[in-house]
Amino acid sequence: MSNIISILFAALLALVVGYFVGRALLKKTFQSKEADGEQRANELLKTAQQTAENIKKDKMLEAKEHFLKLKTEFEDDSNKRKNIILQNEQRVKQMEQQAAQTKQQATQVEQQNIRREKELEALQIKLNDQTEAATKQIEVANKRKEEAELMLSQQVEQLEKIANLTAEQAKQQLIDAIKGEAETRASGYIKQTIEEAKLTATKESKKIIIETIQRTAAEQAIENCVSVFNIEGDEIKGKVIGREGRNIRALEAATGVEVIVDDTPEAIVISSFDPVRREIARLSLHRLVQDGRIHPARIEEVVAKTKKDIENEINEIGERTVIDLGVHGLHPDLIRMIGRMRFRSSYGQNLLQHSREVAKMCATMASELGLNAKLAKRAGLLHDIGKVWHEEQELPHALLGMELAKKYKEHPEVINAIGAHHDEIEMTSMISPIIQICDSISGSRPGARREMMESYVQRLRDLEALALAHNGVEKCYAIQAGRELRVIVDSENVTDEIASKLSFDISQKIEKEMQYPGQIKVTVIREMRSVSYAK
């Protein structure tokens, strides 16, 4: 029994001890968790405070930036308003100055009018006095006339008695004598007047022409038949040539020029009588070299694109020319023809430069003579328009230009000036001889023209036209200064045998119809291409 009690007592004691120990441990655990919670709360509080500070700083910066922006806008707006106020003040000052000048001019005019009125009154008084004096003199003269007539009748009677002639017979003899003397003197006077008029007219015309030339000075440069394309190194020259010269042949076939690649360092020579072809070849080479891809297909693509660009450039040149000269209301086709003048030459002289110079001189000369300067300038610009017509015509370029001017409804005086500047038709206006004179002046400047150039270009054109007249010929290019004629034929319609015969026929026709130095090589090219696509 005592054992049970002791066990129970021990258990109870253990229970009490466990309770207090557990409570102490639980309290310690709660205290540690509470400390951790406070630490976390402090950390969160610090983080929140730091975040709040950052947000505050950002908002302050944004506010400052917005303030600076508003300040800048306000200053700009203020400056603009100040400028507007200053401009208005300047305008008001100018208007006040103009008003003062106008008032001063009006005062001067009023003073001049008053002075003139006084002068007129003085002249009127003087005229009245002179009129009275003249009336008295007329009365005295009438009296003397009556006395002279009386004396004359008495003397006539005496003369009739002495000379045995009537008054009518004596009067007729006197008239005949005076008439002969008067005719002699009049003839001399007329001759002298004509000589003086010729001398004065010659001096005045020389003066006008010299002033026109001096006021319209222009640089002259004879057009050549070659263009030099500069390259950076011989490696690029090798790319341009291509394998076995295929790139050169493709470029020549596409553009119709002769590409000369010799030992000249860093240069390729492009030769052709047609400036448009040379420019197309030069620009195409420039683009190919910049691109780096040089092969026949790419060459054809670039040449086709360059031709379109040249057409656009021609339109721009024409528009700039008419704007610079102040010629308005031209038909778009005429503007395009003016642009094509940039790539044409006449006896070695650039046609656009020549036409611009003629237009300026015509305007100057017409204004000196008191004629319509705008019409004269218009006619001077269009006088050689027949040289750039894209179709071959048998008419002279002056008559062809006249027909084009009629087609595009130009002024009749302009039409006559264009057609008559080489005396193909009769001149019907005062502008026509001015155009003819200024055309001669422009062409006769030292170094302006070269006769051999024009005949050479015409020979090459005739050579190409002769070959193009044959059936099956697609393109024809005269190269090497006319020593070689390359003929490209349609491969579907022309066989190898026909191509050989065509080469012989063209050479025989050249021998019969043309005059040329040395010999001409006729090369007929028949190229067959087969194209397919892998899909």
# chains A, B, ... in the order shown; residues from 1 in each chain; ligands from 1

$ residues_around --residues "Arg486 (chain A)" --least-positions-apart "2" --cutoff "10 Å" --atoms "only C-alpha atoms" --output "PyMOL selection string"
chain A and resi 252-253+256+464+467+475-479+484+488-489+503+521-525

$ write_last_selection --atoms "C-alpha atoms" --output "PDB file, in the first residue's frame"
ATOM      1  CA  GLU A 252      28.716  46.355-125.132  1.00  0.00           C
ATOM      2  CA  ALA A 253      25.730  44.371-126.417  1.00  0.00           C
ATOM      3  CA  GLY A 256      25.853  49.802-127.761  1.00  0.00           C
ATOM      4  CA  GLU A 464      23.675  52.098-138.110  1.00  0.00           C
ATOM      5  CA  ALA A 467      22.243  47.933-141.114  1.00  0.00           C
ATOM      6  CA  LYS A 475      20.120  46.160-132.729  1.00  0.00           C
ATOM      7  CA  CYS A 476      23.078  47.742-134.417  1.00  0.00           C
ATOM      8  CA  TYR A 477      26.042  49.600-132.900  1.00  0.00           C
ATOM      9  CA  ALA A 478      28.882  51.421-134.656  1.00  0.00           C
ATOM     10  CA  ILE A 479      32.025  51.195-132.493  1.00  0.00           C
ATOM     11  CA  GLU A 484      33.480  48.163-136.763  1.00  0.00           C
ATOM     12  CA  ILE A 488      22.647  41.759-133.329  1.00  0.00           C
ATOM     13  CA  VAL A 489      20.004  39.619-135.069  1.00  0.00           C
ATOM     14  CA  SER A 503      27.145  40.156-142.996  1.00  0.00           C
ATOM     15  CA  LYS A 521      34.456  45.344-140.062  1.00  0.00           C
ATOM     16  CA  VAL A 522      30.886  43.985-140.068  1.00  0.00           C
ATOM     17  CA  THR A 523      30.202  41.520-137.227  1.00  0.00           C
ATOM     18  CA  VAL A 524      26.828  39.763-137.110  1.00  0.00           C
ATOM     19  CA  ILE A 525      26.027  38.286-133.669  1.00  0.00           C
TER      20      ILE A 525
END

$ select_by_dssp --residues "region 478-513 of chain A" --states "strand (DSSP E)" --output "list of chain:residue names"
A:Ala478, A:Ile479, A:Glu484, A:Leu485, A:Arg486, A:Val487, A:Ile488, A:Val489

$ write_last_selection --atoms "N, CA, C and O atoms" --output "PDB file, in the first residue's frame"
ATOM      1  N   ALA A 478      27.618  51.068-134.004  1.00  0.00           N
ATOM      2  CA  ALA A 478      28.882  51.421-134.656  1.00  0.00           C
ATOM      3  C   ALA A 478      29.894  51.737-133.560  1.00  0.00           C
ATOM      4  O   ALA A 478      29.678  52.633-132.752  1.00  0.00           O
ATOM      5  N   ILE A 479      31.019  51.015-133.532  1.00  0.00           N
ATOM      6  CA  ILE A 479      32.025  51.195-132.493  1.00  0.00           C
ATOM      7  C   ILE A 479      33.382  51.387-133.141  1.00  0.00           C
ATOM      8  O   ILE A 479      33.531  51.329-134.372  1.00  0.00           O
ATOM      9  N   GLU A 484      34.144  49.451-136.957  1.00  0.00           N
ATOM     10  CA  GLU A 484      33.480  48.163-136.763  1.00  0.00           C
ATOM     11  C   GLU A 484      31.991  48.390-136.579  1.00  0.00           C
ATOM     12  O   GLU A 484      31.565  49.331-135.892  1.00  0.00           O
ATOM     13  N   LEU A 485      31.186  47.511-137.176  1.00  0.00           N
ATOM     14  CA  LEU A 485      29.737  47.573-137.074  1.00  0.00           C
ATOM     15  C   LEU A 485      29.264  46.240-136.505  1.00  0.00           C
ATOM     16  O   LEU A 485      29.430  45.196-137.135  1.00  0.00           O
ATOM     17  N   ARG A 486      28.693  46.284-135.301  1.00  0.00           N
ATOM     18  CA  ARG A 486      28.188  45.072-134.669  1.00  0.00           C
ATOM     19  C   ARG A 486      26.680  45.015-134.846  1.00  0.00           C
ATOM     20  O   ARG A 486      25.958  45.915-134.410  1.00  0.00           O
ATOM     21  N   VAL A 487      26.225  43.919-135.453  1.00  0.00           N
ATOM     22  CA  VAL A 487      24.819  43.742-135.785  1.00  0.00           C
ATOM     23  C   VAL A 487      24.287  42.568-134.974  1.00  0.00           C
ATOM     24  O   VAL A 487      24.822  41.454-135.078  1.00  0.00           O
ATOM     25  N   ILE A 488      23.259  42.807-134.140  1.00  0.00           N
ATOM     26  CA  ILE A 488      22.647  41.759-133.329  1.00  0.00           C
ATOM     27  C   ILE A 488      21.321  41.379-133.981  1.00  0.00           C
ATOM     28  O   ILE A 488      20.455  42.233-134.184  1.00  0.00           O
ATOM     29  N   VAL A 489      21.177  40.074-134.322  1.00  0.00           N
ATOM     30  CA  VAL A 489      20.004  39.619-135.069  1.00  0.00           C
ATOM     31  C   VAL A 489      19.126  38.755-134.174  1.00  0.00           C
ATOM     32  O   VAL A 489      19.543  38.274-133.113  1.00  0.00           O
TER      33      VAL A 489
END

$ select_by_dssp --residues "region 266-401 of chain A" --states "alpha helix (DSSP H)" --output "PyMOL selection string"
chain A and resi 275-291+296-325+332-340+351-368+373-382+397-401

$ closest_atom_pairs --of "region 356-385 of chain A" --to "region 297-321 of chain A" --cutoff "12 Å" --atoms "only C-alpha atoms" --output "CSV"
residue,atom,partner,partner_atom,distance
A:Arg356,CA,A:Thr321,CA,8.0
A:Glu357,CA,A:Thr321,CA,11.5
A:Ala359,CA,A:Thr321,CA,11.0
A:Lys360,CA,A:Thr321,CA,11.9
A:Arg378,CA,A:Thr321,CA,11.6
A:Leu381,CA,A:Thr321,CA,9.4
A:Leu382,CA,A:Gly318,CA,11.7

$ write_last_selection --atoms "N, CA and C atoms" --output "JSON list (two decimals), in the first residue's frame"
[["chain", "number", "residue", "atom", "x", "y", "z"],
["A", 356, "ARG", "N", 20.26, 77.32, -124.28],
["A", 356, "ARG", "CA", 20.14, 78.24, -123.15],
["A", 356, "ARG", "C", 20.80, 79.58, -123.46],
["A", 357, "GLU", "N", 21.98, 79.51, -124.08],
["A", 357, "GLU", "CA", 22.71, 80.74, -124.41],
["A", 357, "GLU", "C", 21.93, 81.56, -125.44],
["A", 359, "ALA", "N", 18.70, 81.51, -125.93],
["A", 359, "ALA", "CA", 17.50, 82.06, -125.28],
["A", 359, "ALA", "C", 17.84, 83.33, -124.50],
["A", 360, "LYS", "N", 18.93, 83.32, -123.75],
["A", 360, "LYS", "CA", 19.30, 84.50, -122.95],
["A", 360, "LYS", "C", 19.67, 85.68, -123.86],
["A", 378, "ARG", "N", 11.60, 82.25, -125.39],
["A", 378, "ARG", "CA", 10.92, 80.97, -125.66],
["A", 378, "ARG", "C", 11.36, 80.41, -127.01],
["A", 381, "LEU", "N", 14.98, 79.15, -126.92],
["A", 381, "LEU", "CA", 15.14, 77.86, -126.26],
["A", 381, "LEU", "C", 14.68, 76.71, -127.15],
["A", 382, "LEU", "N", 13.64, 76.94, -127.96],
["A", 382, "LEU", "CA", 13.05, 75.86, -128.76],
["A", 382, "LEU", "C", 13.56, 75.83, -130.20]]

$ residues_around --residues "Ile498 (chain A)" --least-positions-apart "4" --cutoff "12 Å" --atoms "only C-alpha atoms" --output "MDAnalysis selection string"
chainID A and resid 470:473 489:494 502:506 524:526

$ residues_around --residues "Trp389 (chain A)" --least-positions-apart "6" --cutoff "9 Å" --atoms "only C-alpha atoms" --output "ChimeraX atom specification"
/A:337,397,400-401,404

$ write_last_selection --atoms "C-alpha atoms" --output "short mmCIF file (atom, residue, chain, number, x, y, z; two decimals), in the first residue's frame"
data_model
loop_
_atom_site.label_atom_id
_atom_site.label_comp_id
_atom_site.auth_asym_id
_atom_site.auth_seq_id
_atom_site.Cartn_x
_atom_site.Cartn_y
_atom_site.Cartn_z
CA MET A 337 12.88 67.13 -125.54
CA HIS A 397 15.65 70.24 -138.24
CA LEU A 400 10.75 69.69 -138.13
CA GLY A 401 10.98 71.94 -135.07
CA LEU A 404 6.53 70.20 -133.50
#

$ closest_residue --among "A:Thr255, A:Gln158, A:Gln130, A:Asn113" --to "Ser284 (chain A)" --atoms "only C-alpha atoms"
A:Thr255
